[in-house]
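Trainee: Pasting a structure here, questions to come.
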Amino acid sequence: MSEHERQALDLLDARGRGAAASLKAALARQATETPTVSADDHSRAPQTAHRNVWLAAAAMFAVGGLVAAFVALRDDPRADVSTGDPDEGLYLVPDWVPEGWQIQTAQNIDTVDGPAAPTGEVFVFGIDAAEDPWAASHFSLTIAHNMAASNTEDAQQIALGDQAASMESDGSTVVVQWTTDDGLYVSIAGYGLSEEVVVATATSMAAPPSIPTNIPTTPDLMLQRALAGAATAMGQSPEGAPAGGFVQMAHGPLSATTFMLTAGFDGLSMVYGDPESSVYGQIAVLQRPGDADDAELLRLASDDVEPTPVRDQTGYVQPDVLVQWFEPSTGMLVTVYGNGIDTDILLQVAESLRPARPGEIAEILGQSGQFGPAGPLEEGEEVVAQGGTGGELWRLIAQDDGDTWKLVVEPNNGVIDASESKDDAADVGVNVAASSLGDNVVVYGMADPQATSVFVQALDGSEIQLDLYDVDIPGWPTKAYIGLVPANSLADYQADVTARDASGEDLGSASLSTTELVVAP
Amino acid sequence: MHAAERADGPPVKGDPAAEAFDDFARRERPALVALAWTLTGSLATAEEVAQEAIAAAWRSWDQVGDYDKPGAWARRVAVNRSASARRRAGREERALSRLASRREPDHVDLPEADSELWRAVRALPERKAQTVALFYLEDRPVAEIAEILEVAESTVKVHLHQARLSLARTLGLLTEEDGR
């Protein structure tokens, strides 16, 4: 924190405490000016208003007890404890990153600006008796605000009683998701479970009465519904516990799961990269409040996530992608993310983390966005388009990445890309990726070579046209598109993209949750 | 923290539990009103919320009275009910506006600078507003704010940090670029 900011916050704190004293005095003054109700009035109150009589009496006691209350507050040891600097000891910074790397972007993750980020909670149910419950059949229940069900081409529209839903399956995972009339997002993802079981579980969840919207405190009743649905589908009685052999294995905030790790929470994001290199090689260090149990939710992200010791804690590693653990020294859930970076390097960064020195976080935040000019291209890469916004330069780069065609955006690369395997790329109607750049969302991807227009649906229903480009890399089978869209113009953090040909016929559509864009590096 | 409910009747004079509760109610009510007003901006609502919190404490006094910090329990109730009241107010705003002429005065006489600050607090996201209200209004340490709000201390620290930066910007103490 800079000296200027510290002085401003000191001024604010003084003003806040002064306003608090002023408020208490004003309330006390107005309370004494308010006519009180006599004890006789209480005695005449109807018996049916028993509780209300008591409430009125409590109010009167307070008027008489104002002075005593203030003395009591002053004598309360809690009121004398110094609040100290709330920023102190909050974040860790890496003492080691690969040679030559430097801070690229850093920002406080603040959900105040822009549309509300998704918030919610995730439950995981599994078979407790299994040797590794995460490797056995299990399912997750996600309930969230500000989140929309994805609408991919592969999604099958189904009915859960009166509730419309979509279902997708990749062979090992079946996901059923829907949005309630109250705007609540609900999904059931079954791992190693049949579609029948997952749909029955979802049907049980979607049955009336509707799910209360006051998450993150999902009532036990709702969880029992999910368990009962699963048990029924598996031919077992929903009576008794644990239903269907499933027990709750994990529970935590949405932000503890991989793809939500950059949204819906408060914390700090720091991204390091090599200024001399091209698009590969970036490591993001994300820190947000959490607890020890949250780290394990990473296992929802991928089958190959394994527990591993990190900084004397039980951490979880997705090889060459990320490391996540709970850091007791700061009370933060920490994720070191570097898609394609060796696990050993990710762990080395993790082990090097140390408490930030006074002013160091402010210094890092100040360096954000000062990343040097884009590095040279590597073999098999081509700049498809480039431009600038808000003082930041961007480039859309196409890559021949072995078995994959890949599109990435600088400087927001290394974590998110639009890619297709070379076997499948010719059949793509449109795919989509997105990342944040200043106040904009960069939406980009591949589109059918017959496409003459690609647009993203805006919050108001209008179509925001994106720019189409040819890619000159030999064998590249699609067009590429890109556009910068104001972040607040997208509906519910959902980017729905459609490609059309010259006749106006839709060639394909794709959507993605842009939740990760709040701070996506 | 869940408290068992007791009979929904008034305390009986001479009953030690009732007398302890009376002390509690006298001591805590002004602070509960102030906290609820900070979060709702309505004195009538704040009075109602404070009374609801005190009544809830009485209904569960057999258990709440044994807590180390029954005031923290009551504040949690007040914070939650303030949030509910605020949401309800949003829905009812249009209907209530028709009745405005018949409503009792519902303001607190404060210097404009103070009113501006509290308006800015109420404009914060819900959890941040609650955190900063407890921080300024009651000078609570982070650990106690975390206990009241049932969140991690680190969550409180982050909320405080970001809420204060946001307030400083809103009140012109910092520019939009500071602290980003």
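Ordering of the structure tokens sets the chain letters (A, B, ...), residue numbers begin anew at 1 in every chain, and ligands are numbered from 1 in the order given.
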Within 7 Å of chain A, which residues of chain B are there when counting only C-alpha atoms? Please give them as a count of residues only.
Mentor: 36
Trainee: What gap, in Å, lies between atom CA of B:Val64 and atom CA of B:Val151?
Mentor: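 These two atoms are separated by 19.7 Å.
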Trainee: For a quick check of understanding, using only C-alpha atoms, which of A:Asp496, A:Gln156, A:Phe139, A:Leu468 has the smallest distance to A:Leu193?
Mentor: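 For A:Leu193, the nearest of the given residues is A:Phe139.
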Trainee: Can you pull out the residues contacting A:Val443? Cut-off 10 Å, using only C-alpha atoms, and skip same-chain residues under 2 positions away; I want them as a PyMOL selection string.
Mentor: chain A and resi 409+418+432-436+440-441+445+455-456+466+481-485+495-497+514
Trainee: With a distance cut-off of 8 Å and only C-alpha atoms, select the neighbouring residues of stretch 39-47 of chain B, excluding the residue or stretch itself and same-chain residues fewer than 5 positions from it, and output the selection as a ChimeraX atom specification.
Mentor: /B:32-34,79,82-83,85-86,106-108,119,121-122,129-130,133
Trainee: Using Å and a single decimal, report how far atom CA of A:Pro319 sits from atom CA of A:Ser302.
Mentor: 10.0 Å
Trainee: Using only C-alpha atoms, determine which residues lie at most 12 Å from B:Pro16, disregarding the query and same-chain residues fewer than 5 positions distant; provide the list as a ChimeraX atom specification.
Mentor: /B:11,21-23,61-62,65
Trainee: For the residues selected in the previous step, produce a file with N, CA and C atoms as a tab-separated table (two decimals), in the first residue's frame.
Mentor:
```
chain	number	residue	atom	x	y	z
B	11	PRO	N	-40.04	-12.03	30.17
B	11	PRO	CA	-39.31	-12.43	31.36
B	11	PRO	C	-40.11	-12.10	32.62
B	21	PHE	N	-31.12	-11.21	31.39
B	21	PHE	CA	-31.52	-10.83	30.05
B	21	PHE	C	-31.83	-9.34	29.96
B	22	ASP	N	-32.48	-8.82	30.99
B	22	ASP	CA	-32.77	-7.39	31.01
B	22	ASP	C	-31.48	-6.58	30.89
B	23	ASP	N	-30.48	-6.99	31.64
B	23	ASP	CA	-29.20	-6.29	31.55
B	23	ASP	C	-28.65	-6.35	30.13
B	61	TRP	N	-32.87	-17.79	25.24
B	61	TRP	CA	-31.98	-17.28	26.28
B	61	TRP	C	-31.34	-18.39	27.12
B	62	ASP	N	-32.02	-19.52	27.24
B	62	ASP	CA	-31.43	-20.62	28.00
B	62	ASP	C	-30.05	-20.97	27.46
B	65	GLY	N	-27.83	-17.11	26.71
B	65	GLY	CA	-27.34	-16.52	27.94
B	65	GLY	C	-26.06	-17.16	28.44
```
Trainee: Any idea what the distance is between atom CA of A:Val176 and atom CA of A:Ala202?
Mentor: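 Atom-to-atom, atom CA of A:Val176 and atom CA of A:Ala202 are spaced 6.8 Å apart.
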Trainee: From the options B:Ala72, B:Ala17, B:Leu167, B:Ala120, which residue's atoms come nearest to B:Leu149, counting only C-alpha atoms?
Mentor: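 Smallest separation from B:Leu149 among the options: B:Ala72.
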